[in-house]
$ cat entry.pdb   # PDB, C-alpha atoms and all ligand atoms
MODEL        1
ATOM      1  CA  MET A   1       6.608  -8.989-127.223  1.00  0.00           C
ATOM      2  CA  SER A   2      10.113  -9.582-125.967  1.00  0.00           C
ATOM      3  CA  HIS A   3      12.685 -11.329-128.104  1.00  0.00           C
ATOM      4  CA  PRO A   4      15.361 -13.486-126.570  1.00  0.00           C
ATOM      5  CA  GLN A   5      18.657 -11.644-127.019  1.00  0.00           C
ATOM      6  CA  GLN A   6      20.903 -13.114-129.678  1.00  0.00           C
ATOM      7  CA  MET A   7      24.071 -14.103-127.879  1.00  0.00           C
ATOM      8  CA  PRO A   8      27.275 -14.447-129.918  1.00  0.00           C
ATOM      9  CA  GLN A   9      28.135 -18.101-130.238  1.00  0.00           C
ATOM     10  CA  LEU A  10      31.536 -19.078-128.956  1.00  0.00           C
ATOM     11  CA  PRO A  11      33.239 -21.630-131.171  1.00  0.00           C
ATOM     12  CA  GLY A  12      32.709 -24.997-129.612  1.00  0.00           C
ATOM     13  CA  SER A  13      31.190 -27.510-131.975  1.00  0.00           C
ATOM     14  CA  PRO A  14      33.627 -29.815-133.740  1.00  0.00           C
ATOM     15  CA  ARG A  15      32.722 -28.165-137.088  1.00  0.00           C
ATOM     16  CA  GLU A  16      33.450 -24.679-135.777  1.00  0.00           C
ATOM     17  CA  LEU A  17      36.687 -25.800-134.202  1.00  0.00           C
ATOM     18  CA  GLU A  18      37.741 -27.378-137.471  1.00  0.00           C
ATOM     19  CA  GLY A  19      37.295 -23.969-139.108  1.00  0.00           C
ATOM     20  CA  VAL A  20      39.377 -22.322-136.392  1.00  0.00           C
ATOM     21  CA  GLU A  21      42.094 -24.919-136.828  1.00  0.00           C
ATOM     22  CA  GLN A  22      42.200 -24.490-140.601  1.00  0.00           C
ATOM     23  CA  ALA A  23      42.389 -20.692-140.282  1.00  0.00           C
ATOM     24  CA  LEU A  24      45.114 -20.914-137.615  1.00  0.00           C
ATOM     25  CA  LEU A  25      47.117 -23.279-139.799  1.00  0.00           C
ATOM     26  CA  ALA A  26      47.064 -20.626-142.542  1.00  0.00           C
ATOM     27  CA  LEU A  27      48.996 -18.156-140.354  1.00  0.00           C
ATOM     28  CA  SER A  28      52.564 -17.497-141.512  1.00  0.00           C
ATOM     29  CA  TYR A  29      55.507 -17.853-139.163  1.00  0.00           C
ATOM     30  CA  GLY A  30      59.243 -17.450-139.276  1.00  0.00           C
ATOM     31  CA  VAL A  31      61.324 -20.173-137.640  1.00  0.00           C
ATOM     32  CA  HIS A  32      63.485 -19.327-134.625  1.00  0.00           C
ATOM     33  CA  VAL A  33      65.707 -21.009-132.073  1.00  0.00           C
ATOM     34  CA  ILE A  34      65.256 -19.824-128.488  1.00  0.00           C
ATOM     35  CA  GLY A  35      68.537 -20.048-126.582  1.00  0.00           C
ATOM     36  CA  SER A  36      68.417 -20.320-122.798  1.00  0.00           C
ATOM     37  CA  ARG A  37      70.522 -21.229-119.771  1.00  0.00           C
ATOM     38  CA  SER A  38      69.693 -22.521-116.313  1.00  0.00           C
ATOM     39  CA  SER A  39      70.913 -21.056-113.028  1.00  0.00           C
ATOM     40  CA  ASP A  40      73.716 -23.680-112.993  1.00  0.00           C
ATOM     41  CA  GLY A  41      74.870 -22.725-116.508  1.00  0.00           C
ATOM     42  CA  THR A  42      73.315 -25.578-118.510  1.00  0.00           C
ATOM     43  CA  LEU A  43      72.386 -24.384-122.004  1.00  0.00           C
ATOM     44  CA  ASN A  44      69.404 -25.273-124.165  1.00  0.00           C
ATOM     45  CA  ALA A  45      68.000 -24.510-127.610  1.00  0.00           C
ATOM     46  CA  MET A  46      64.347 -24.788-128.664  1.00  0.00           C
ATOM     47  CA  LEU A  47      62.633 -24.522-132.043  1.00  0.00           C
ATOM     48  CA  ALA A  48      59.895 -21.849-131.969  1.00  0.00           C
ATOM     49  CA  ASP A  49      57.415 -20.321-134.416  1.00  0.00           C
ATOM     50  CA  TRP A  50      55.391 -18.271-131.960  1.00  0.00           C
ATOM     51  CA  VAL A  51      57.619 -15.199-131.674  1.00  0.00           C
ATOM     52  CA  MET A  52      56.595 -11.578-132.319  1.00  0.00           C
ATOM     53  CA  GLN A  53      57.530  -7.968-131.573  1.00  0.00           C
ATOM     54  CA  VAL A  54      54.991  -6.458-129.161  1.00  0.00           C
ATOM     55  CA  SER A  55      56.297  -2.920-128.402  1.00  0.00           C
ATOM     56  CA  PHE A  56      58.487  -0.197-129.980  1.00  0.00           C
ATOM     57  CA  LYS A  57      59.256   1.760-126.803  1.00  0.00           C
ATOM     58  CA  PRO A  58      60.736  -0.097-125.134  1.00  0.00           C
ATOM     59  CA  ARG A  59      61.437  -2.771-127.718  1.00  0.00           C
ATOM     60  CA  LEU A  60      59.754  -5.897-126.425  1.00  0.00           C
ATOM     61  CA  ILE A  61      59.227  -9.292-128.007  1.00  0.00           C
ATOM     62  CA  ALA A  62      56.970 -12.131-126.902  1.00  0.00           C
ATOM     63  CA  VAL A  63      57.507 -15.858-127.223  1.00  0.00           C
ATOM     64  CA  ALA A  64      54.831 -18.439-126.375  1.00  0.00           C
ATOM     65  CA  ILE A  65      56.485 -21.443-124.737  1.00  0.00           C
ATOM     66  CA  GLU A  66      54.950 -24.792-123.739  1.00  0.00           C
ATOM     67  CA  ASN A  67      54.403 -24.940-119.980  1.00  0.00           C
ATOM     68  CA  ASP A  68      56.435 -28.158-119.687  1.00  0.00           C
ATOM     69  CA  ALA A  69      59.385 -27.050-121.844  1.00  0.00           C
ATOM     70  CA  ARG A  70      62.836 -27.113-120.315  1.00  0.00           C
ATOM     71  CA  THR A  71      63.378 -23.733-121.997  1.00  0.00           C
ATOM     72  CA  LEU A  72      60.589 -22.119-119.957  1.00  0.00           C
ATOM     73  CA  ARG A  73      62.046 -23.510-116.723  1.00  0.00           C
ATOM     74  CA  PHE A  74      65.487 -22.144-117.616  1.00  0.00           C
ATOM     75  CA  ILE A  75      64.143 -18.674-118.524  1.00  0.00           C
ATOM     76  CA  ARG A  76      62.205 -18.523-115.250  1.00  0.00           C
ATOM     77  CA  GLU A  77      65.474 -19.284-113.406  1.00  0.00           C
ATOM     78  CA  THR A  78      67.673 -16.673-115.108  1.00  0.00           C
ATOM     79  CA  ASN A  79      65.292 -14.249-116.920  1.00  0.00           C
ATOM     80  CA  ALA A  80      67.644 -14.519-119.890  1.00  0.00           C
ATOM     81  CA  PHE A  81      67.114 -15.793-123.429  1.00  0.00           C
ATOM     82  CA  THR A  82      68.108 -15.255-127.043  1.00  0.00           C
ATOM     83  CA  VAL A  83      66.007 -15.390-130.196  1.00  0.00           C
ATOM     84  CA  ASN A  84      67.966 -16.720-133.188  1.00  0.00           C
ATOM     85  CA  LEU A  85      66.362 -16.217-136.606  1.00  0.00           C
ATOM     86  CA  LEU A  86      67.014 -19.224-138.839  1.00  0.00           C
ATOM     87  CA  HIS A  87      68.269 -18.600-142.372  1.00  0.00           C
ATOM     88  CA  GLU A  88      66.282 -19.790-145.390  1.00  0.00           C
ATOM     89  CA  ARG A  89      69.365 -21.505-146.839  1.00  0.00           C
ATOM     90  CA  ASP A  90      70.638 -23.680-144.003  1.00  0.00           C
ATOM     91  CA  GLY A  91      68.089 -23.177-141.206  1.00  0.00           C
ATOM     92  CA  LEU A  92      66.429 -26.534-141.840  1.00  0.00           C
ATOM     93  CA  GLU A  93      69.620 -28.370-140.889  1.00  0.00           C
ATOM     94  CA  ILE A  94      69.700 -26.519-137.546  1.00  0.00           C
ATOM     95  CA  ALA A  95      65.947 -26.958-137.013  1.00  0.00           C
ATOM     96  CA  ARG A  96      66.393 -30.751-137.309  1.00  0.00           C
ATOM     97  CA  LYS A  97      68.974 -30.680-134.505  1.00  0.00           C
ATOM     98  CA  VAL A  98      66.818 -28.748-132.041  1.00  0.00           C
ATOM     99  CA  VAL A  99      63.282 -29.916-132.783  1.00  0.00           C
ATOM    100  CA  MET A 100      63.097 -32.656-130.156  1.00  0.00           C
ATOM    101  CA  PRO A 101      62.670 -31.836-126.450  1.00  0.00           C
ATOM    102  CA  SER A 102      65.914 -32.030-124.497  1.00  0.00           C
ATOM    103  CA  GLU A 103      64.245 -34.156-121.835  1.00  0.00           C
ATOM    104  CA  GLY A 104      63.117 -37.614-122.951  1.00  0.00           C
ATOM    105  CA  SER A 105      60.333 -37.524-120.360  1.00  0.00           C
ATOM    106  CA  LYS A 106      58.548 -34.811-122.408  1.00  0.00           C
ATOM    107  CA  VAL A 107      57.844 -37.354-125.175  1.00  0.00           C
ATOM    108  CA  ARG A 108      54.845 -39.535-124.331  1.00  0.00           C
ATOM    109  CA  GLY A 109      55.167 -43.296-124.476  1.00  0.00           C
ATOM    110  CA  ARG A 110      58.942 -43.542-124.021  1.00  0.00           C
ATOM    111  CA  SER A 111      60.513 -46.364-122.017  1.00  0.00           C
ATOM    112  CA  GLU A 112      61.735 -45.481-118.520  1.00  0.00           C
ATOM    113  CA  GLU A 113      65.325 -45.514-119.759  1.00  0.00           C
ATOM    114  CA  ALA A 114      64.614 -43.244-122.762  1.00  0.00           C
ATOM    115  CA  ALA A 115      62.526 -40.903-120.600  1.00  0.00           C
ATOM    116  CA  ALA A 116      65.480 -40.395-118.258  1.00  0.00           C
ATOM    117  CA  GLN A 117      67.760 -39.219-121.083  1.00  0.00           C
ATOM    118  CA  VAL A 118      68.652 -35.574-121.601  1.00  0.00           C
ATOM    119  CA  VAL A 119      69.993 -34.534-125.002  1.00  0.00           C
ATOM    120  CA  ASP A 120      72.425 -31.682-125.568  1.00  0.00           C
ATOM    121  CA  LYS A 121      70.817 -30.188-128.674  1.00  0.00           C
ATOM    122  CA  LEU A 122      73.681 -27.736-129.109  1.00  0.00           C
ATOM    123  CA  ALA A 123      76.370 -30.442-129.319  1.00  0.00           C
ATOM    124  CA  GLU A 124      76.687 -30.194-133.120  1.00  0.00           C
ATOM    125  CA  ILE A 125      75.748 -26.552-133.637  1.00  0.00           C
ATOM    126  CA  PRO A 126      78.418 -23.822-133.696  1.00  0.00           C
ATOM    127  CA  TYR A 127      77.512 -20.999-131.311  1.00  0.00           C
ATOM    128  CA  GLY A 128      78.889 -18.312-129.039  1.00  0.00           C
ATOM    129  CA  LEU A 129      77.436 -16.860-125.851  1.00  0.00           C
ATOM    130  CA  HIS A 130      75.890 -13.443-125.399  1.00  0.00           C
ATOM    131  CA  GLN A 131      76.734 -11.492-122.245  1.00  0.00           C
ATOM    132  CA  ASN A 132      73.424 -12.713-120.848  1.00  0.00           C
ATOM    133  CA  GLY A 133      74.884 -16.234-121.022  1.00  0.00           C
ATOM    134  CA  CYS A 134      72.568 -17.588-123.737  1.00  0.00           C
ATOM    135  CA  PRO A 135      73.556 -19.138-127.079  1.00  0.00           C
ATOM    136  CA  VAL A 136      73.862 -17.085-130.258  1.00  0.00           C
ATOM    137  CA  LEU A 137      74.099 -19.397-133.279  1.00  0.00           C
ATOM    138  CA  ASP A 138      76.927 -18.704-135.761  1.00  0.00           C
ATOM    139  CA  GLN A 139      74.677 -19.544-138.722  1.00  0.00           C
ATOM    140  CA  ALA A 140      71.671 -17.455-137.675  1.00  0.00           C
ATOM    141  CA  LEU A 141      70.316 -14.815-140.042  1.00  0.00           C
ATOM    142  CA  GLY A 142      70.226 -12.572-136.994  1.00  0.00           C
ATOM    143  CA  TRP A 143      69.717 -12.676-133.236  1.00  0.00           C
ATOM    144  CA  ILE A 144      68.248 -10.707-130.346  1.00  0.00           C
ATOM    145  CA  ALA A 145      69.309 -11.070-126.707  1.00  0.00           C
ATOM    146  CA  CYS A 146      66.513 -10.495-124.200  1.00  0.00           C
ATOM    147  CA  GLN A 147      65.751 -10.102-120.548  1.00  0.00           C
ATOM    148  CA  ALA A 148      62.425 -11.636-119.536  1.00  0.00           C
ATOM    149  CA  GLU A 149      60.103  -9.056-117.956  1.00  0.00           C
ATOM    150  CA  GLN A 150      56.732 -10.806-117.829  1.00  0.00           C
ATOM    151  CA  PHE A 151      55.417 -14.356-117.758  1.00  0.00           C
ATOM    152  CA  ILE A 152      51.762 -14.600-118.766  1.00  0.00           C
ATOM    153  CA  THR A 153      50.105 -17.999-118.538  1.00  0.00           C
ATOM    154  CA  ALA A 154      48.001 -18.593-121.664  1.00  0.00           C
ATOM    155  CA  GLY A 155      46.434 -22.066-121.644  1.00  0.00           C
ATOM    156  CA  ASP A 156      49.057 -24.730-122.271  1.00  0.00           C
ATOM    157  CA  HIS A 157      51.727 -22.114-123.111  1.00  0.00           C
ATOM    158  CA  THR A 158      53.291 -19.197-121.226  1.00  0.00           C
ATOM    159  CA  ILE A 159      53.909 -15.938-123.032  1.00  0.00           C
ATOM    160  CA  VAL A 160      57.343 -14.684-122.101  1.00  0.00           C
ATOM    161  CA  VAL A 161      57.728 -10.964-122.782  1.00  0.00           C
ATOM    162  CA  GLY A 162      61.369  -9.989-123.147  1.00  0.00           C
ATOM    163  CA  ARG A 163      63.097  -6.636-123.331  1.00  0.00           C
ATOM    164  CA  CYS A 164      65.493  -6.543-126.313  1.00  0.00           C
ATOM    165  CA  LEU A 165      68.982  -5.828-124.944  1.00  0.00           C
ATOM    166  CA  GLU A 166      71.046  -6.202-128.079  1.00  0.00           C
ATOM    167  CA  GLY A 167      70.757  -7.712-131.539  1.00  0.00           C
ATOM    168  CA  GLU A 168      72.417  -8.100-134.882  1.00  0.00           C
ATOM    169  CA  ARG A 169      71.718  -9.050-138.477  1.00  0.00           C
ATOM    170  CA  LEU A 170      74.525 -11.492-139.286  1.00  0.00           C
ATOM    171  CA  ARG A 171      73.904 -12.431-142.929  1.00  0.00           C
ATOM    172  CA  PRO A 172      72.068 -11.258-146.043  1.00  0.00           C
ATOM    173  CA  GLY A 173      69.018 -13.239-147.111  1.00  0.00           C
ATOM    174  CA  ASP A 174      65.638 -14.041-145.576  1.00  0.00           C
ATOM    175  CA  MET A 175      64.317 -16.060-142.685  1.00  0.00           C
ATOM    176  CA  LEU A 176      63.325 -19.663-142.963  1.00  0.00           C
ATOM    177  CA  ILE A 177      59.531 -19.774-142.847  1.00  0.00           C
ATOM    178  CA  GLU A 178      57.434 -22.584-141.447  1.00  0.00           C
ATOM    179  CA  ARG A 179      55.823 -23.346-144.810  1.00  0.00           C
ATOM    180  CA  ASP A 180      59.248 -24.184-146.266  1.00  0.00           C
ATOM    181  CA  LEU A 181      60.234 -26.139-143.182  1.00  0.00           C
ATOM    182  CA  GLY A 182      57.387 -28.570-143.849  1.00  0.00           C
ATOM    183  CA  TRP A 183      56.410 -29.060-140.177  1.00  0.00           C
ATOM    184  CA  GLU A 184      53.370 -27.466-138.615  1.00  0.00           C
ATOM    185  CA  TYR A 185      53.008 -25.913-135.181  1.00  0.00           C
ATOM    186  CA  GLY A 186      49.534 -24.446-134.747  1.00  0.00           C
ATOM    187  CA  GLY A 187      45.877 -25.138-135.413  1.00  0.00           C
TER     188      GLY A 187
HETATM  189  C1  LIG B 201      57.870 -26.003-136.470  1.00  0.00           C
HETATM  190  C2  LIG B 201      57.827 -26.042-134.964  1.00  0.00           C
HETATM  191  C3  LIG B 201      57.593 -24.879-134.267  1.00  0.00           C
HETATM  192  C4  LIG B 201      57.497 -24.878-132.874  1.00  0.00           C
HETATM  193  N1  LIG B 201      57.235 -23.727-132.214  1.00  0.00           N
HETATM  194  C5  LIG B 201      57.106 -23.735-130.871  1.00  0.00           C
HETATM  195  C6  LIG B 201      56.774 -22.546-130.150  1.00  0.00           C
HETATM  196  O1  LIG B 201      56.620 -21.470-130.735  1.00  0.00           O
HETATM  197  N2  LIG B 201      56.657 -22.643-128.813  1.00  0.00           N
HETATM  198  C7  LIG B 201      56.858 -23.824-128.140  1.00  0.00           C
HETATM  199  O2  LIG B 201      56.732 -23.855-126.923  1.00  0.00           O
HETATM  200  N3  LIG B 201      57.176 -24.953-128.788  1.00  0.00           N
HETATM  201  C8  LIG B 201      57.309 -24.936-130.133  1.00  0.00           C
HETATM  202  N4  LIG B 201      57.639 -26.086-130.785  1.00  0.00           N
HETATM  203  C9  LIG B 201      57.861 -27.295-130.004  1.00  0.00           C
HETATM  204  C10 LIG B 201      59.200 -27.220-129.277  1.00  0.00           C
HETATM  205  O3  LIG B 201      60.256 -26.970-130.177  1.00  0.00           O
HETATM  206  C11 LIG B 201      59.453 -28.532-128.527  1.00  0.00           C
HETATM  207  O4  LIG B 201      58.423 -28.819-127.639  1.00  0.00           O
HETATM  208  C12 LIG B 201      60.778 -28.478-127.846  1.00  0.00           C
HETATM  209  O5  LIG B 201      61.246 -29.759-127.895  1.00  0.00           O
HETATM  210  C13 LIG B 201      60.800 -28.027-126.408  1.00  0.00           C
HETATM  211  O6  LIG B 201      62.154 -28.016-126.057  1.00  0.00           O
HETATM  212  P1  LIG B 201      62.731 -28.051-124.580  1.00  0.00           P
HETATM  213  O7  LIG B 201      61.811 -28.892-123.728  1.00  0.00           O
HETATM  214  O8  LIG B 201      64.087 -28.665-124.763  1.00  0.00           O
HETATM  215  O9  LIG B 201      62.781 -26.638-124.120  1.00  0.00           O
HETATM  216  C14 LIG B 201      57.701 -26.094-132.171  1.00  0.00           C
HETATM  217  C15 LIG B 201      57.958 -27.271-132.884  1.00  0.00           C
HETATM  218  C16 LIG B 201      58.006 -27.248-134.269  1.00  0.00           C
HETATM  219  C17 LIG B 201      58.252 -28.520-135.001  1.00  0.00           C
ENDMDL
END
$ encode --input "entry.pdb" --output "structure tokens" --more "lines below"
Ligand SMILES: Cc1cc2nc3c(=O)[nH]c(=O)nc-3n(C[C@H](O)[C@H](O)[C@H](O)COP(=O)(O)O)c2cc1C
Amino acid sequence: MSHPQQMPQLPGSPRELEGVEQALLALSYGVHVIGSRSSDGTLNAMLADWVMQVSFKPRLIAVAIENDARTLRFIRETNAFTVNLLHERDGLEIARKVVMPSEGSKVRGRSEEAAAQVVDKLAEIPYGLHQNGCPVLDQALGWIACQAEQFITAGDHTIVVGRCLEGERLRPGDMLIERDLGWEYGG
């Protein structure tokens, strides 16, 4: 007698997806600011949790960036970006200044006038520029300057793999972690 083969069930029911969401929300993340510049020299800064080292030789890091983020557009134009690690002591203050999208049109439900606005998130944040033209924040715990080598579309995000060109630990202490930030990105 033949038995129907037991196929692994892909998560799909609302109950299973709830479990996935709860488990994903339990992941730990550090909080970073991705610095970028466009081909015409406009700068941007974006709050990001989804950053990780992905190779020793060469040293590569990956950042998952929303497909409609201004930051992704800028990195595609110049292949340059920086990863700034926020400090546990004063990172929250910086996170507040960069958490909103620079382009009003990215926020659903805005009036036509508000949607047309573009905010300079770096206006009140002290920073210098790396040789690759991207912002390095004075108050970061540390930073890494990168050259983008691969863009991998992954659902509603694109994984940008960057080669680490240069980096520095600027201050003693630890990174700001998402749990202490009090905002969630995941699930
Ligand atoms: C705690 C937190 C972590 C975030 N992490 C990421 C991330 O890893 N990748 C991402 O694309 N967006 C992330 N975001 C959302 C972006 O910061 C947000 O969409 C940003 O405004 C996009 O900026 P831009 O359009 O100016 O580039 C996060 C938001 C919060 C509140």
$ residues_near_ligand --input "entry.pdb" --ligand "ligand LIG 201 (chain B)" --cutoff "6 Å" --atoms "only C-alpha atoms and all ligand atoms" --output "PDB file with C-alpha atoms, keeping the file's coordinate frame"
ATOM      1  CA  MET A  46      64.347 -24.788-128.664  1.00  0.00           C
ATOM      2  CA  LEU A  47      62.633 -24.522-132.043  1.00  0.00           C
ATOM      3  CA  ALA A  48      59.895 -21.849-131.969  1.00  0.00           C
ATOM      4  CA  ASP A  49      57.415 -20.321-134.416  1.00  0.00           C
ATOM      5  CA  TRP A  50      55.391 -18.271-131.960  1.00  0.00           C
ATOM      6  CA  ALA A  64      54.831 -18.439-126.375  1.00  0.00           C
ATOM      7  CA  ILE A  65      56.485 -21.443-124.737  1.00  0.00           C
ATOM      8  CA  GLU A  66      54.950 -24.792-123.739  1.00  0.00           C
ATOM      9  CA  ALA A  69      59.385 -27.050-121.844  1.00  0.00           C
ATOM     10  CA  ARG A  70      62.836 -27.113-120.315  1.00  0.00           C
ATOM     11  CA  THR A  71      63.378 -23.733-121.997  1.00  0.00           C
ATOM     12  CA  VAL A  99      63.282 -29.916-132.783  1.00  0.00           C
ATOM     13  CA  MET A 100      63.097 -32.656-130.156  1.00  0.00           C
ATOM     14  CA  PRO A 101      62.670 -31.836-126.450  1.00  0.00           C
ATOM     15  CA  SER A 102      65.914 -32.030-124.497  1.00  0.00           C
ATOM     16  CA  TRP A 183      56.410 -29.060-140.177  1.00  0.00           C
ATOM     17  CA  GLU A 184      53.370 -27.466-138.615  1.00  0.00           C
ATOM     18  CA  TYR A 185      53.008 -25.913-135.181  1.00  0.00           C
TER      19      TYR A 185
END
$ closest_atom_pairs --input "entry.pdb" --of "stretch 29-51 of chain A" --to "stretch 151-175 of chain A" --cutoff "12 Å" --atoms "only C-alpha atoms" --output "Markdown table"
| residue | atom | partner | partner_atom | distance |
| --- | --- | --- | --- | --- |
| A:Tyr29 | CA | A:Met175 | CA | 9.7 |
| A:Gly30 | CA | A:Met175 | CA | 6.3 |
| A:Val31 | CA | A:Met175 | CA | 7.2 |
| A:His32 | CA | A:Met175 | CA | 8.7 |
| A:Val33 | CA | A:Met175 | CA | 11.8 |
| A:Ile34 | CA | A:Val160 | CA | 11.4 |
| A:Asp49 | CA | A:Met175 | CA | 11.6 |
| A:Trp50 | CA | A:Ile159 | CA | 9.3 |
| A:Val51 | CA | A:Ile159 | CA | 9.4 |
$ resolve_selection --input "entry.pdb" --expression "the PyMOL selection byres (((chain A and resi 35) around 6) and not hetatm)" --output "ChimeraX atom specification"
/A:34,36,44-45,81-82,134-135
$ resolve_selection --input "entry.pdb" --expression "the PyMOL selection byres (((chain A and resi 89-95) around 8) and not hetatm)" --output "list in words"
Val33, Leu47, Leu86, His87, Glu88, Arg96, Lys97, Val98, Val99, Ile125, Gln139, Ala140, Leu176 and Leu181 of chain A
$ closest_residue --input "entry.pdb" --among "A:Asp180, A:Glu103, A:Glu149, A:Glu112" --to "A:Arg76" --atoms "all atoms listed in the file"
A:Glu149
$ resolve_selection --input "entry.pdb" --expression "the PyMOL selection byres (((chain A and resi 115) around 8) and not hetatm)" --output "short mmCIF file (atom, residue, chain, number, x, y, z; two decimals) with C-alpha atoms, in the coordinates of the input"
data_model
loop_
_atom_site.label_atom_id
_atom_site.label_comp_id
_atom_site.auth_asym_id
_atom_site.auth_seq_id
_atom_site.Cartn_x
_atom_site.Cartn_y
_atom_site.Cartn_z
CA GLU A 103 64.24 -34.16 -121.84
CA GLY A 104 63.12 -37.61 -122.95
CA SER A 105 60.33 -37.52 -120.36
CA LYS A 106 58.55 -34.81 -122.41
CA VAL A 107 57.84 -37.35 -125.18
CA ARG A 110 58.94 -43.54 -124.02
CA SER A 111 60.51 -46.36 -122.02
CA GLU A 112 61.74 -45.48 -118.52
CA GLU A 113 65.32 -45.51 -119.76
CA ALA A 114 64.61 -43.24 -122.76
CA ALA A 116 65.48 -40.40 -118.26
CA GLN A 117 67.76 -39.22 -121.08
#
$ residues_around --input "entry.pdb" --residues "A:Gly186" --least-positions-apart "5" --cutoff "10 Å" --atoms "only C-alpha atoms" --output "MDAnalysis selection string"
chainID A and resid 21:27 29 49:50
$ write_last_selection --input "entry.pdb" --atoms "C-alpha atoms" --output "tab-separated table (two decimals), in the coordinates of the input"
chain	number	residue	atom	x	y	z
A	21	GLU	CA	42.09	-24.92	-136.83
A	22	GLN	CA	42.20	-24.49	-140.60
A	23	ALA	CA	42.39	-20.69	-140.28
A	24	LEU	CA	45.11	-20.91	-137.62
A	25	LEU	CA	47.12	-23.28	-139.80
A	26	ALA	CA	47.06	-20.63	-142.54
A	27	LEU	CA	49.00	-18.16	-140.35
A	29	TYR	CA	55.51	-17.85	-139.16
A	49	ASP	CA	57.42	-20.32	-134.42
A	50	TRP	CA	55.39	-18.27	-131.96
$ closest_residue --input "entry.pdb" --among "A:Asp40, A:Gln147, A:Leu72, A:Val118" --to "A:Gln131" --atoms "all atoms listed in the file"
A:Gln147
$ decode --input "entry.pdb" --residues "stretch 155-169 of chain A" --atoms "N, CA and C atoms" --output "compact mmCIF listing (two decimals), in the first residue's frame"
# COMPACT_ATOMS: atom_id res chain seq x y z
N GLY A 155 12.64 40.26 -1.75
CA GLY A 155 11.30 40.73 -1.39
C GLY A 155 11.22 42.24 -1.46
N ASP A 156 10.73 42.84 -0.36
CA ASP A 156 10.55 44.30 -0.38
C ASP A 156 11.83 45.07 -0.01
N HIS A 157 12.92 44.35 0.22
CA HIS A 157 14.22 44.97 0.51
C HIS A 157 15.25 44.54 -0.55
N THR A 158 16.35 45.25 -0.60
CA THR A 158 17.50 44.85 -1.42
C THR A 158 18.70 44.71 -0.50
N ILE A 159 19.37 43.57 -0.61
CA ILE A 159 20.56 43.36 0.21
C ILE A 159 21.74 43.98 -0.54
N VAL A 160 22.33 44.97 0.08
CA VAL A 160 23.51 45.60 -0.51
C VAL A 160 24.73 45.01 0.19
N VAL A 161 25.58 44.36 -0.59
CA VAL A 161 26.82 43.79 -0.04
C VAL A 161 27.93 44.78 -0.33
N GLY A 162 28.61 45.21 0.74
CA GLY A 162 29.66 46.22 0.57
C GLY A 162 31.01 45.72 1.02
N ARG A 163 32.03 46.08 0.26
CA ARG A 163 33.41 45.77 0.68
C ARG A 163 33.84 46.85 1.66
N CYS A 164 34.41 46.43 2.81
CA CYS A 164 34.84 47.39 3.84
C CYS A 164 36.16 48.01 3.40
N LEU A 165 36.17 49.33 3.20
CA LEU A 165 37.37 50.02 2.72
C LEU A 165 38.22 50.50 3.87
N GLU A 166 37.54 51.00 4.90
CA GLU A 166 38.23 51.60 6.03
C GLU A 166 37.24 51.69 7.17
N GLY A 167 37.75 51.73 8.41
CA GLY A 167 36.84 51.84 9.55
C GLY A 167 37.59 52.25 10.78
N GLU A 168 36.84 52.57 11.82
CA GLU A 168 37.47 53.07 13.03
C GLU A 168 36.52 52.91 14.20
N ARG A 169 37.08 52.61 15.37
CA ARG A 169 36.31 52.64 16.61
C ARG A 169 36.60 54.00 17.24
